[in-house]
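Text of coords_32.tsv, listed as TSV, C-alpha atoms:
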```tsv
chain	number	residue	atom	x	y	z
A	96	MET	CA	9.61	-17.27	-82.61
A	97	ILE	CA	6.04	-17.90	-81.48
A	98	ASP	CA	3.49	-18.53	-84.21
A	99	LEU	CA	0.65	-16.16	-83.52
A	100	LEU	CA	-1.62	-17.06	-86.52
A	101	PRO	CA	-4.12	-19.85	-86.57
A	102	SER	CA	-3.33	-22.86	-88.71
A	103	GLN	CA	-6.02	-22.08	-91.31
A	104	HIS	CA	-4.24	-18.85	-92.22
A	105	ARG	CA	-0.70	-20.14	-92.37
A	106	HIS	CA	-0.87	-20.59	-96.20
A	107	LEU	CA	-1.45	-16.89	-96.54
A	108	ASN	CA	1.81	-15.89	-94.89
A	109	PHE	CA	3.45	-15.57	-98.29
A	110	CYS	CA	1.54	-12.39	-98.87
A	111	ASP	CA	3.74	-10.65	-96.36
A	112	ASN	CA	6.68	-11.20	-98.72
A	113	MET	CA	5.00	-10.02	-101.87
A	114	PRO	CA	5.57	-6.58	-103.30
A	115	ALA	CA	3.35	-3.85	-102.05
A	116	SER	CA	1.84	-3.33	-105.54
A	117	ASN	CA	0.32	-6.80	-105.50
A	118	SER	CA	-0.84	-6.84	-101.86
A	119	HIS	CA	-4.36	-5.91	-102.81
A	120	SER	CA	-4.83	-9.31	-104.38
A	121	CYS	CA	-4.33	-11.17	-101.04
A	122	ILE	CA	-7.12	-12.09	-98.62
A	123	ASP	CA	-7.83	-9.31	-96.08
A	124	LEU	CA	-6.60	-10.37	-92.55
A	125	PRO	CA	-7.18	-8.81	-89.12
A	126	PRO	CA	-4.39	-6.49	-88.03
A	127	LEU	CA	-1.70	-8.42	-86.16
A	128	SER	CA	-1.49	-5.88	-83.25
A	129	ALA	CA	-5.23	-6.25	-82.53
A	130	ARG	CA	-4.90	-10.00	-82.34
A	131	ILE	CA	-1.98	-9.73	-79.96
A	132	SER	CA	-3.94	-7.34	-77.72
A	133	GLU	CA	-6.88	-9.74	-77.71
A	134	LEU	CA	-4.64	-12.60	-76.64
A	135	GLU	CA	-3.00	-10.53	-73.87
A	136	ASP	CA	-6.43	-9.58	-72.47
A	137	SER	CA	-7.40	-13.22	-72.42
A	138	MET	CA	-4.22	-14.11	-70.53
A	139	MET	CA	-4.82	-11.34	-67.99
A	140	ASP	CA	-8.35	-12.62	-67.39
A	141	GLU	CA	-6.96	-16.09	-66.81
A	142	ASP	CA	-4.33	-14.72	-64.38
A	143	SER	CA	-7.01	-12.82	-62.46
A	144	SER	CA	-9.14	-15.95	-62.17
A	145	LEU	CA	-6.11	-17.89	-60.98
A	146	GLU	CA	-5.39	-15.25	-58.28
A	147	ILE	CA	-8.98	-15.48	-57.06
A	148	ILE	CA	-8.69	-19.23	-56.80
A	149	LYS	CA	-5.40	-18.91	-54.89
A	150	ASN	CA	-7.02	-16.47	-52.43
A	151	ASP	CA	-9.92	-18.84	-51.89
A	152	VAL	CA	-7.52	-21.69	-51.20
A	153	THR	CA	-5.54	-19.56	-48.73
A	154	HIS	CA	-8.74	-18.55	-46.91
A	155	LEU	CA	-9.83	-22.19	-46.68
A	156	GLN	CA	-6.40	-23.12	-45.29
A	157	HIS	CA	-6.73	-20.45	-42.58
A	158	GLN	CA	-10.16	-21.76	-41.68
A	159	ILE	CA	-8.79	-25.28	-41.35
A	160	VAL	CA	-5.96	-24.05	-39.09
A	161	GLU	CA	-8.41	-22.12	-36.87
A	162	GLU	CA	-10.70	-25.12	-36.63
A	163	ASN	CA	-7.76	-27.29	-35.62
A	164	VAL	CA	-6.77	-24.77	-32.94
A	165	ASP	CA	-10.34	-24.74	-31.61
A	166	ILE	CA	-10.31	-28.53	-31.46
A	167	VAL	CA	-7.00	-28.53	-29.56
A	168	GLN	CA	-8.24	-25.87	-27.12
A	169	SER	CA	-11.47	-27.74	-26.60
A	170	ASN	CA	-9.58	-30.92	-25.77
A	171	THR	CA	-7.29	-28.98	-23.45
A	172	LEU	CA	-10.23	-27.37	-21.64
A	173	ASP	CA	-11.91	-30.73	-21.26
A	174	THR	CA	-8.74	-32.07	-19.67
A	175	ARG	CA	-8.18	-28.95	-17.53
A	176	PHE	CA	-11.71	-28.76	-16.20
A	177	SER	CA	-11.49	-32.38	-15.17
A	178	SER	CA	-9.22	-31.13	-12.35
A	179	PRO	CA	-11.12	-30.64	-9.05
A	180	ILE	CA	-10.09	-26.98	-8.74
A	181	TRP	CA	-12.16	-26.09	-11.81
A	182	ARG	CA	-15.25	-27.64	-10.25
A	183	LEU	CA	-15.01	-25.73	-6.94
A	184	PRO	CA	-18.08	-23.64	-6.02
A	185	THR	CA	-17.81	-19.90	-6.42
A	186	ASP	CA	-17.89	-19.18	-2.68
A	187	ILE	CA	-14.97	-21.57	-2.06
A	188	LEU	CA	-12.94	-19.97	-4.83
A	189	ALA	CA	-13.68	-16.55	-3.37
A	190	GLU	CA	-12.26	-17.63	0.00
A	191	ILE	CA	-9.14	-19.00	-1.72
A	192	PHE	CA	-8.69	-15.74	-3.61
A	193	LYS	CA	-8.53	-13.83	-0.33
A	194	TYR	CA	-5.46	-15.85	0.69
A	195	CYS	CA	-3.80	-15.13	-2.65
A	196	LEU	CA	-3.34	-11.45	-1.81
A	197	PRO	CA	0.19	-10.27	-0.90
A	198	ASP	CA	0.90	-9.67	2.78
A	199	ASP	CA	1.61	-5.98	2.16
A	200	GLU	CA	-0.59	-3.59	4.07
A	201	HIS	CA	-1.31	-1.69	0.86
A	202	LEU	CA	-1.24	-3.16	-2.65
A	203	ALA	CA	0.39	-1.62	-5.68
A	204	PRO	CA	-1.21	-2.76	-8.97
A	205	ALA	CA	0.95	-5.46	-10.60
A	206	SER	CA	0.02	-7.84	-13.40
A	207	ARG	CA	1.93	-10.74	-11.83
A	208	LEU	CA	0.34	-10.43	-8.40
A	209	ALA	CA	-3.16	-10.89	-7.06
A	210	PRO	CA	-5.74	-9.54	-7.41
A	211	ILE	CA	-4.95	-8.51	-11.01
A	212	LEU	CA	-3.30	-11.86	-11.76
A	213	LEU	CA	-6.52	-13.67	-10.81
A	214	THR	CA	-8.41	-11.80	-13.53
A	215	THR	CA	-6.15	-13.20	-16.28
A	216	VAL	CA	-6.57	-16.96	-15.69
A	217	CYS	CA	-9.97	-17.53	-17.28
A	218	ARG	CA	-13.34	-15.85	-17.71
A	219	ARG	CA	-14.89	-17.48	-14.64
A	220	TRP	CA	-12.01	-16.49	-12.35
A	221	ARG	CA	-12.12	-12.96	-13.70
A	222	GLU	CA	-15.83	-12.65	-12.97
A	223	ILE	CA	-15.33	-13.94	-9.42
A	224	ALA	CA	-12.31	-11.71	-8.70
A	225	VAL	CA	-13.85	-8.56	-10.14
A	226	GLY	CA	-17.05	-9.20	-8.19
A	227	LEU	CA	-15.24	-9.69	-4.84
A	228	PRO	CA	-14.88	-6.20	-3.28
A	229	ILE	CA	-12.58	-7.30	-0.45
A	230	LEU	CA	-9.81	-7.94	-3.00
A	231	TRP	CA	-9.83	-4.28	-4.02
A	232	CYS	CA	-10.02	-2.49	-0.64
A	233	ARG	CA	-6.26	-1.87	-0.17
A	234	LEU	CA	-4.39	0.37	-2.57
A	235	GLN	CA	-1.15	2.31	-2.76
A	236	LEU	CA	-1.05	5.32	-5.07
A	237	GLY	CA	2.50	6.05	-6.16
A	238	ARG	CA	4.15	9.32	-7.03
A	239	LYS	CA	3.21	8.93	-10.71
A	240	TRP	CA	-0.43	8.08	-10.08
A	241	GLN	CA	-1.61	10.43	-12.85
A	242	TRP	CA	-0.04	8.17	-15.49
A	243	ASN	CA	-2.48	5.40	-14.56
A	244	ALA	CA	-5.44	7.32	-13.20
A	245	VAL	CA	-7.87	5.19	-15.25
A	246	GLY	CA	-6.42	1.99	-13.78
A	247	TYR	CA	-6.63	3.32	-10.22
A	248	ASN	CA	-10.20	4.42	-10.78
A	249	SER	CA	-11.12	0.95	-12.09
A	250	TRP	CA	-9.52	-0.61	-9.00
A	251	LEU	CA	-11.47	1.65	-6.65
A	252	GLN	CA	-14.73	1.00	-8.49
A	253	ARG	CA	-14.35	-2.71	-7.84
A	254	SER	CA	-14.27	-2.04	-4.08
A	255	ASN	CA	-18.03	-1.52	-4.40
A	256	LYS	CA	-18.52	0.88	-1.45
A	257	CYS	CA	-16.51	-1.24	1.02
A	258	PRO	CA	-14.22	0.61	3.48
A	259	LEU	CA	-10.94	1.56	1.82
A	260	SER	CA	-7.39	1.54	3.16
A	261	LEU	CA	-5.15	3.81	1.07
A	262	ARG	CA	-1.53	4.87	1.11
A	263	ILE	CA	-0.66	7.98	-0.88
A	264	LYS	CA	2.95	8.67	-1.87
A	265	TYR	CA	3.34	11.54	-4.25
A	266	TYR	CA	4.64	14.99	-5.00
A	267	GLY	CA	1.88	17.27	-6.10
A	268	HIS	CA	-1.38	18.96	-5.36
A	269	TRP	CA	-4.14	17.55	-3.20
A	270	SER	CA	-6.71	19.29	-5.38
A	271	LYS	CA	-5.75	17.11	-8.37
A	272	LEU	CA	-5.73	13.87	-6.41
A	273	ARG	CA	-9.01	14.86	-4.81
A	274	GLU	CA	-10.69	14.67	-8.25
A	275	LEU	CA	-9.76	10.98	-8.47
A	276	LEU	CA	-10.80	10.19	-4.90
A	277	GLN	CA	-13.96	12.31	-4.79
A	278	PRO	CA	-16.39	9.45	-5.62
A	279	TYR	CA	-14.84	7.35	-2.84
A	280	MET	CA	-14.50	9.86	0.02
A	281	ALA	CA	-17.22	8.13	2.02
A	282	GLN	CA	-15.29	4.83	1.80
A	283	ILE	CA	-11.81	5.96	2.89
A	284	SER	CA	-11.51	4.55	6.40
A	285	ILE	CA	-7.71	4.16	6.78
A	286	LEU	CA	-5.22	6.56	5.21
A	287	THR	CA	-1.42	6.65	5.22
A	288	LEU	CA	0.21	9.81	3.88
A	289	ASP	CA	3.81	10.29	2.85
A	290	PHE	CA	4.45	14.03	2.75
A	291	PHE	CA	7.10	15.09	0.26
A	292	PRO	CA	8.48	18.57	-0.46
A	293	TYR	CA	6.21	20.97	-2.32
A	294	MET	CA	3.15	18.91	-1.48
A	295	GLU	CA	-0.05	20.76	-0.73
A	296	PRO	CA	-1.65	20.24	2.69
A	297	VAL	CA	-4.39	17.61	2.69
A	298	MET	CA	-7.83	18.94	3.52
A	299	MET	CA	-8.74	16.37	6.16
A	300	GLU	CA	-12.28	17.62	6.51
A	301	ASP	CA	-12.93	16.17	3.04
A	302	LEU	CA	-12.32	12.69	4.48
A	303	TYR	CA	-15.45	12.61	6.60
A	304	ALA	CA	-15.40	8.80	7.01
A	305	LEU	CA	-11.73	8.59	8.04
A	306	LYS	CA	-11.08	6.53	11.19
A	307	GLU	CA	-7.31	5.98	11.14
A	308	LEU	CA	-4.56	8.30	9.90
A	309	THR	CA	-0.82	7.63	9.70
A	310	VAL	CA	1.55	10.41	8.65
A	311	HIS	CA	5.15	9.93	7.54
A	312	LYS	CA	7.28	13.04	7.42
A	313	HIS	CA	9.31	14.10	4.44
A	314	SER	CA	8.32	17.75	4.63
A	315	PRO	CA	6.99	19.15	7.94
A	316	ARG	CA	5.14	22.28	6.80
A	317	PRO	CA	2.18	20.61	5.04
A	318	ILE	CA	1.81	18.20	7.97
A	319	TYR	CA	1.10	20.98	10.48
A	320	CYS	CA	-1.45	22.53	8.15
A	321	SER	CA	-3.12	19.18	7.49
A	322	LEU	CA	-3.51	18.38	11.19
A	323	LEU	CA	-5.22	21.67	12.06
A	324	LYS	CA	-8.66	20.41	11.04
A	325	MET	CA	-9.42	16.74	11.56
A	326	PRO	CA	-12.65	14.89	10.74
A	327	VAL	CA	-14.80	14.07	13.75
A	328	SER	CA	-14.78	10.42	12.67
A	329	LEU	CA	-11.02	10.06	13.34
A	330	ARG	CA	-10.13	7.64	16.13
A	331	ARG	CA	-6.51	6.60	15.50
A	332	LEU	CA	-3.69	9.06	14.80
A	333	ASN	CA	-0.12	7.88	14.21
A	334	ILE	CA	2.72	10.37	13.68
A	335	PRO	CA	5.74	8.15	14.33
A	336	ASN	CA	8.66	10.14	12.90
A	337	MET	CA	8.04	13.79	13.61
A	338	PHE	CA	8.70	15.59	16.93
A	339	PHE	CA	6.21	17.92	18.65
A	340	ASP	CA	6.98	20.14	21.58
A	341	ARG	CA	4.58	21.91	23.90
A	342	GLN	CA	4.50	25.07	21.81
A	343	GLN	CA	3.77	23.26	18.53
A	344	LEU	CA	0.96	21.26	20.06
A	345	GLY	CA	-0.51	24.49	21.36
A	346	SER	CA	-1.19	25.59	17.77
A	347	PHE	CA	-3.80	22.87	17.37
A	348	THR	CA	-7.30	23.48	18.66
A	349	ASP	CA	-8.59	21.07	21.27
A	350	SER	CA	-11.47	20.09	19.01
A	351	ALA	CA	-9.10	18.90	16.25
A	352	TRP	CA	-8.07	15.78	18.17
A	353	ALA	CA	-10.94	15.58	20.63
A	354	HIS	CA	-12.34	12.27	19.34
A	355	THR	CA	-8.99	10.46	19.10
A	356	THR	CA	-8.82	7.24	21.13
A	357	HIS	CA	-5.44	5.87	19.94
A	358	LEU	CA	-2.35	8.05	19.51
A	359	GLU	CA	1.27	7.43	18.57
A	360	ILE	CA	3.45	10.53	18.69
A	361	ASN	CA	7.00	11.80	19.22
A	362	VAL	CA	7.48	14.49	21.84
A	363	LYS	CA	10.31	16.82	22.62
A	364	GLY	CA	10.06	17.14	26.39
A	365	LEU	CA	7.59	15.54	28.81
A	366	ASP	CA	5.72	18.82	29.29
A	367	ALA	CA	4.02	18.02	25.96
A	368	PHE	CA	2.25	14.98	27.40
A	369	PRO	CA	-0.13	16.78	29.79
A	370	HIS	CA	-1.19	19.00	26.90
A	371	ILE	CA	-1.89	15.92	24.78
A	372	LEU	CA	-4.15	14.56	27.49
A	373	ARG	CA	-6.09	17.83	27.57
A	374	MET	CA	-6.43	17.84	23.77
A	375	CYS	CA	-7.65	14.22	23.71
A	376	PRO	CA	-10.19	13.67	26.49
A	377	ASN	CA	-11.27	10.35	24.93
A	378	LEU	CA	-7.75	8.97	24.60
A	379	SER	CA	-7.50	5.29	25.64
A	380	PHE	CA	-4.14	4.14	24.24
A	381	VAL	CA	-1.04	6.27	23.78
A	382	THR	CA	2.46	5.44	22.54
A	383	MET	CA	4.94	8.21	23.23
A	384	HIS	CA	8.48	8.32	21.84
A	385	GLY	CA	11.05	11.04	22.23
A	386	LEU	CA	13.27	13.02	24.54
A	387	PHE	CA	11.93	12.87	28.08
A	388	HIS	CA	13.30	15.97	29.77
A	389	PRO	CA	11.88	16.38	33.30
A	390	ILE	CA	8.85	18.55	33.96
A	391	ASP	CA	9.72	21.49	36.22
A	392	VAL	CA	6.38	23.12	36.87
A	393	ALA	CA	3.04	21.88	35.58
A	394	GLU	CA	-0.55	21.76	36.69
A	395	PRO	CA	-1.87	18.42	37.92
A	396	ILE	CA	-4.09	16.62	35.45
A	397	THR	CA	-6.55	13.76	35.79
A	398	HIS	CA	-7.52	11.74	32.74
A	399	HIS	CA	-10.33	9.22	33.23
A	400	ASN	CA	-10.13	7.28	29.94
A	401	LEU	CA	-6.48	6.42	29.45
A	402	GLN	CA	-5.97	2.64	29.76
A	403	SER	CA	-2.58	2.00	28.17
A	404	LEU	CA	0.61	4.08	28.42
A	405	ARG	CA	3.61	3.05	26.32
A	406	MET	CA	6.77	5.13	26.69
A	407	SER	CA	9.99	4.83	24.71
A	408	GLY	CA	12.72	7.35	25.47
A	409	ASP	CA	16.36	7.85	24.62
A	410	VAL	CA	18.43	6.43	27.46
A	411	SER	CA	21.54	8.27	26.29
A	412	ARG	CA	19.81	11.67	26.37
A	413	ASN	CA	17.23	11.37	29.15
A	414	SER	CA	18.05	13.58	32.11
A	415	GLY	CA	17.69	11.02	34.92
A	416	PRO	CA	15.22	9.04	37.02
A	417	ASP	CA	13.34	12.06	38.37
A	418	LEU	CA	10.98	12.76	35.47
A	419	GLY	CA	8.34	14.73	37.35
A	420	LEU	CA	5.67	13.33	35.01
A	421	PHE	CA	4.09	10.91	37.46
A	422	ASN	CA	3.97	13.61	40.11
A	423	ILE	CA	1.27	15.51	38.20
A	424	LEU	CA	-0.69	12.63	36.66
A	425	THR	CA	-3.73	10.82	37.98
A	426	LEU	CA	-5.01	8.03	35.74
A	427	PRO	CA	-7.77	6.11	37.52
A	428	ASN	CA	-8.46	3.75	34.59
A	429	LEU	CA	-4.87	2.80	33.74
A	430	ARG	CA	-4.35	-0.93	33.08
A	431	VAL	CA	-1.07	-1.31	31.14
A	432	VAL	CA	2.29	0.49	31.41
A	433	GLU	CA	5.20	-0.29	29.09
A	434	SER	CA	8.63	1.29	29.29
A	435	TYR	CA	11.57	1.17	26.87
A	436	HIS	CA	14.94	2.98	26.86
A	437	MET	CA	14.05	5.03	29.91
A	438	GLY	CA	17.22	4.40	31.92
A	439	PRO	CA	16.77	4.08	35.70
A	440	TRP	CA	13.03	3.84	36.41
A	441	PRO	CA	11.52	6.56	38.70
A	442	HIS	CA	10.42	4.00	41.26
A	443	GLU	CA	9.30	6.17	44.19
A	444	GLU	CA	7.57	8.67	41.90
A	445	PHE	CA	5.74	5.90	40.06
A	446	LYS	CA	4.74	4.07	43.23
A	447	GLU	CA	3.15	7.20	44.64
A	448	PHE	CA	1.37	7.76	41.32
A	449	LEU	CA	-0.14	4.26	41.52
A	450	ARG	CA	-1.45	4.88	45.03
A	451	ARG	CA	-2.94	8.23	44.04
A	452	SER	CA	-4.56	6.93	40.86
A	453	ASN	CA	-5.97	3.80	42.53
A	454	CYS	CA	-6.06	2.27	39.06
A	455	PRO	CA	-6.77	-1.38	38.12
A	456	LEU	CA	-3.23	-1.99	36.82
A	457	GLU	CA	-2.93	-5.39	35.11
A	458	LYS	CA	0.42	-5.38	33.33
A	459	LEU	CA	3.75	-3.68	33.95
A	460	PHE	CA	6.42	-4.23	31.31
A	461	PHE	CA	10.04	-3.06	31.53
A	462	GLY	CA	11.66	-3.39	28.13
A	463	ILE	CA	15.25	-3.03	27.10
A	464	ALA	CA	17.22	-0.25	28.81
A	465	SER	CA	14.49	0.53	31.36
A	466	PHE	CA	16.27	-0.44	34.56
A	467	VAL	CA	14.42	-1.76	37.61
A	468	THR	CA	15.53	-3.91	40.56
A	469	ALA	CA	13.98	-7.13	41.80
A	470	ARG	CA	13.06	-5.41	45.05
A	471	GLN	CA	11.19	-2.68	43.21
A	472	GLN	CA	9.27	-5.29	41.23
A	473	ALA	CA	8.30	-6.99	44.50
A	474	GLU	CA	6.93	-3.72	45.86
A	475	TYR	CA	4.69	-3.35	42.79
A	476	ALA	CA	3.48	-6.89	43.26
A	477	MET	CA	2.49	-6.07	46.86
A	478	LEU	CA	0.39	-3.13	45.63
A	479	PHE	CA	-1.34	-5.28	42.96
A	480	PRO	CA	-1.32	-9.00	43.85
A	481	SER	CA	-2.64	-10.03	40.40
A	482	LEU	CA	-0.25	-7.74	38.53
A	483	GLU	CA	1.71	-9.28	35.63
A	484	ILE	CA	5.28	-7.97	35.73
A	485	ILE	CA	7.57	-8.61	32.79
A	486	ALA	CA	11.16	-7.37	32.81
A	487	ASP	CA	13.67	-7.83	30.01
A	488	PRO	CA	16.83	-9.49	31.38
A	489	ALA	CA	18.82	-6.52	30.12
A	490	SER	CA	16.64	-4.23	32.26
A	491	ASN	CA	17.49	-5.89	35.58
A	492	LEU	CA	19.22	-3.12	37.49
A	493	ASP	CA	20.75	-5.61	39.96
A	494	MET	CA	22.55	-7.31	37.07
A	495	VAL	CA	23.68	-3.94	35.77
A	496	TYR	CA	25.09	-3.03	39.17
A	497	ARG	CA	26.88	-6.38	39.39
A	498	TYR	CA	28.28	-5.93	35.90
A	499	VAL	CA	29.53	-2.42	36.71
A	500	GLU	CA	31.10	-3.67	39.95
A	501	HIS	CA	32.73	-6.54	38.11
A	502	ARG	CA	34.19	-4.17	35.52
A	503	ARG	CA	35.49	-1.91	38.31
A	504	LEU	CA	37.26	-4.81	40.03
A	505	VAL	CA	38.80	-5.99	36.77
A	506	CYS	CA	40.14	-2.51	36.06
A	507	ASN	CA	41.59	-2.22	39.58
A	508	TRP	CA	43.26	-5.64	39.29
A	509	ARG	CA	44.86	-4.65	35.99
A	510	LEU	CA	46.19	-1.45	37.55
A	511	VAL	CA	47.73	-3.39	40.45
A	512	THR	CA	49.35	-6.00	38.26
```

Starting from the file, give its structure as structure tokens.
Amino acid sequence: MIDLLPSQHRHLNFCDNMPASNSHSCIDLPPLSARISELEDSMMDEDSSLEIIKNDVTHLQHQIVEENVDIVQSNTLDTRFSSPIWRLPTDILAEIFKYCLPDDEHLAPASRLAPILLTTVCRRWREIAVGLPILWCRLQLGRKWQWNAVGYNSWLQRSNKCPLSLRIKYYGHWSKLRELLQPYMAQISILTLDFFPYMEPVMMEDLYALKELTVHKHSPRPIYCSLLKMPVSLRRLNIPNMFFDRQQLGSFTDSAWAHTTHLEINVKGLDAFPHILRMCPNLSFVTMHGLFHPIDVAEPITHHNLQSLRMSGDVSRNSGPDLGLFNILTLPNLRVVESYHMGPWPHEEFKEFLRRSNCPLEKLFFGIASFVTARQQAEYAMLFPSLEIIADPASNLDMVYRYVEHRRLVCNWRLVT
């Protein structure tokens, strides 16, 4: 049992064993419970002081650890910055950053790819990357763009009024996306649209700085509505996977495509092509894919600006060599003709077209499945002595004839034997 009384009072302990009647003769002592309380308070004060000391020690230990980390980082930085790359001038680093971008035509924000990755290396690299607008001029907005609207806006802000090339892939309403793009309308120079079902038509007149438009079809209705009114700044129009016939093209006003100089389009029937030339008086380069059914009756047309004609048909579905197209065309400025999957080439029709157009033809290319003979090529060379004629080996009609004749002889020999 712990002795709670001081030594000077120990001789008085006998009083506790005396009868109560004689207790008044003993020396008066402080109540035992009060003394115990006093001692407990003293112990609590000592514990509190000890806790404060422990906290101070812990804080000092944390400070020592942090100082050690700073020393290690400082030594590491000194070693790292001794490398030549850390001493490169800002303009050299900026040029290197340009080559760090992915090869994709449009960039989707990703933390492990440039340009975002460049902003995470160090403070200096971040300042250079953020201040280099060319790193932020290509952007792809995905279907869930609204989830990261703040991030997309930050990306576009860093473009700093440079021309923008955007690809938009989403289901939704143009009016909502327009709110994000509104501050940058004057910068959007190149636009690729992926039209999905239930997507609102895009109001092209909003994009008054647009120069090149590419449309991919997933839902045709909003495409037709979007192409009705085009900005006067538009020069290149690419609609590679949607077919237009003469009647559908007639729904567009001539002024909608009047300023277009480059066009890629699918047609359903060659009678659509003369209408395209009337809609696009400034057209210089055209790539035409589709089903090339012959033109029966059409008015002759002369187009003075067309320089390059690239045609790619469907050899299995084209109607034959007599297209009728070159009978009605006059193209006095034509320089390049390319042909793919056309089947037997309309030689006589094309030769008469060249004489009538009196054009400065420089290149004539016969790609795969556009069949032409060596004699026909020689006749073109006589018309244009400096003409460059390129024919795919698979397009040599003489070889095709020899192959067909060889197959016929083999079949006959098998029947005989």

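For the choices A:Glu394, A:His370, A:Gly246, A:Gln241, the atom-to-atom distance to Ile211 (chain A) is smallest for A:Gly246 when using all atoms listed in the file.
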
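Non-sequential neighbours of Thr287 (chain A) (distance at most 9 Å, separation of 3 or more positions within a chain, all atoms listed in the file) are Ser260, Leu261, Arg262, Ile263, Lys264, Glu307, Leu308, Thr309, Val310 and His311 of chain A.
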
- Item | Residue with smallest distance to Gln252 (chain A) - pool A:Leu276, A:Ala203, A:Val432, A:Ala489, counting all atoms listed in the file | A:Leu276

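Interatomic distance, CA of Asn428 (chain A) against CA of Phe380 (chain A): 11.2 Å.
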
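Put simply, CA of Glu433 (chain A) is 11.4 Å away from CA of Asp487 (chain A).
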
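Neighbours of Pro258 (chain A) closer than or equal to 7 Å, with only C-alpha atoms counted and sequence neighbours fewer than 2 positions away skipped, come out as A:Cys232, A:Lys256, A:Ser260, A:Gln282, A:Ile283, A:Ser284.
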
- Task: Write out as JSON, numbers by chain each polymer residue whose atoms come within 12 Å of Leu365 (chain A), counting all atoms listed in the file; drop sequence neighbours fewer than 2 positions from it.
- Result: {"A": [338, 339, 340, 341, 361, 362, 363, 367, 368, 369, 370, 371, 372, 383, 384, 385, 386, 387, 388, 389, 390, 391, 392, 393, 406, 407, 408, 413, 414, 417, 418, 419, 420, 421, 423, 424]}

Got time to write the residues from that selection, C-alpha atoms, as a PDB file, in the frame of the given file?
```
ATOM      1  CA  PHE A 338       8.700  15.590  16.930  1.00  0.00           C
ATOM      2  CA  PHE A 339       6.210  17.920  18.650  1.00  0.00           C
ATOM      3  CA  ASP A 340       6.980  20.140  21.580  1.00  0.00           C
ATOM      4  CA  ARG A 341       4.580  21.910  23.900  1.00  0.00           C
ATOM      5  CA  ASN A 361       7.000  11.800  19.220  1.00  0.00           C
ATOM      6  CA  VAL A 362       7.480  14.490  21.840  1.00  0.00           C
ATOM      7  CA  LYS A 363      10.310  16.820  22.620  1.00  0.00           C
ATOM      8  CA  ALA A 367       4.020  18.020  25.960  1.00  0.00           C
ATOM      9  CA  PHE A 368       2.250  14.980  27.400  1.00  0.00           C
ATOM     10  CA  PRO A 369      -0.130  16.780  29.790  1.00  0.00           C
ATOM     11  CA  HIS A 370      -1.190  19.000  26.900  1.00  0.00           C
ATOM     12  CA  ILE A 371      -1.890  15.920  24.780  1.00  0.00           C
ATOM     13  CA  LEU A 372      -4.150  14.560  27.490  1.00  0.00           C
ATOM     14  CA  MET A 383       4.940   8.210  23.230  1.00  0.00           C
ATOM     15  CA  HIS A 384       8.480   8.320  21.840  1.00  0.00           C
ATOM     16  CA  GLY A 385      11.050  11.040  22.230  1.00  0.00           C
ATOM     17  CA  LEU A 386      13.270  13.020  24.540  1.00  0.00           C
ATOM     18  CA  PHE A 387      11.930  12.870  28.080  1.00  0.00           C
ATOM     19  CA  HIS A 388      13.300  15.970  29.770  1.00  0.00           C
ATOM     20  CA  PRO A 389      11.880  16.380  33.300  1.00  0.00           C
ATOM     21  CA  ILE A 390       8.850  18.550  33.960  1.00  0.00           C
ATOM     22  CA  ASP A 391       9.720  21.490  36.220  1.00  0.00           C
ATOM     23  CA  VAL A 392       6.380  23.120  36.870  1.00  0.00           C
ATOM     24  CA  ALA A 393       3.040  21.880  35.580  1.00  0.00           C
ATOM     25  CA  MET A 406       6.770   5.130  26.690  1.00  0.00           C
ATOM     26  CA  SER A 407       9.990   4.830  24.710  1.00  0.00           C
ATOM     27  CA  GLY A 408      12.720   7.350  25.470  1.00  0.00           C
ATOM     28  CA  ASN A 413      17.230  11.370  29.150  1.00  0.00           C
ATOM     29  CA  SER A 414      18.050  13.580  32.110  1.00  0.00           C
ATOM     30  CA  ASP A 417      13.340  12.060  38.370  1.00  0.00           C
ATOM     31  CA  LEU A 418      10.980  12.760  35.470  1.00  0.00           C
ATOM     32  CA  GLY A 419       8.340  14.730  37.350  1.00  0.00           C
ATOM     33  CA  LEU A 420       5.670  13.330  35.010  1.00  0.00           C
ATOM     34  CA  PHE A 421       4.090  10.910  37.460  1.00  0.00           C
ATOM     35  CA  ILE A 423       1.270  15.510  38.200  1.00  0.00           C
ATOM     36  CA  LEU A 424      -0.690  12.630  36.660  1.00  0.00           C
TER      37      LEU A 424
END
```

- Task: Considering only C-alpha atoms, return as a ChimeraX atom specification whatever protein or nucleic-acid residues lie within 6 Å of Ser379 (chain A), sequence-local ones (same chain, fewer than 2 positions apart) excluded.
- Result: /A:356,400-402

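Atom pair CA of Leu378 (chain A) / CA of Tyr435 (chain A) has a distance of 21.0 Å (rounded to one decimal).
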
- Message: If we draw a sphere of 12 Å around (3.2, 9.6, 45.4), which residues have at least one atom in it when counting all atoms listed in the file? Please report them as number ranges by chain.
- Response: A: 419-425, 441-453

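With all atoms listed in the file as the basis for measurement, A:Met374 is the residue among A:Met294, A:Val327, A:Leu332, A:Met374 that approaches Ser346 (chain A) most closely.
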
Could I get the residues of region 177-210 of chain A with an atom no further than 12 Å from an atom of region 222-227 of chain A, each paired with its nearest atom pair and that distance in Å to one decimal, using only C-alpha atoms, sorted by chain and residue number, as a Markdown table?
```
| residue | atom | partner | partner_atom | distance |
| --- | --- | --- | --- | --- |
| A:Pro184 | CA | A:Ile223 | CA | 10.6 |
| A:Thr185 | CA | A:Ile223 | CA | 7.1 |
| A:Asp186 | CA | A:Ile223 | CA | 8.9 |
| A:Ile187 | CA | A:Ile223 | CA | 10.6 |
| A:Leu188 | CA | A:Ile223 | CA | 7.9 |
| A:Ala189 | CA | A:Ile223 | CA | 6.8 |
| A:Glu190 | CA | A:Leu227 | CA | 9.8 |
| A:Ile191 | CA | A:Ala224 | CA | 10.6 |
| A:Phe192 | CA | A:Ala224 | CA | 7.4 |
| A:Lys193 | CA | A:Leu227 | CA | 9.1 |
| A:Cys195 | CA | A:Ala224 | CA | 11.0 |
| A:Leu196 | CA | A:Ala224 | CA | 11.3 |
| A:Ala209 | CA | A:Ala224 | CA | 9.3 |
| A:Pro210 | CA | A:Ala224 | CA | 7.0 |
```
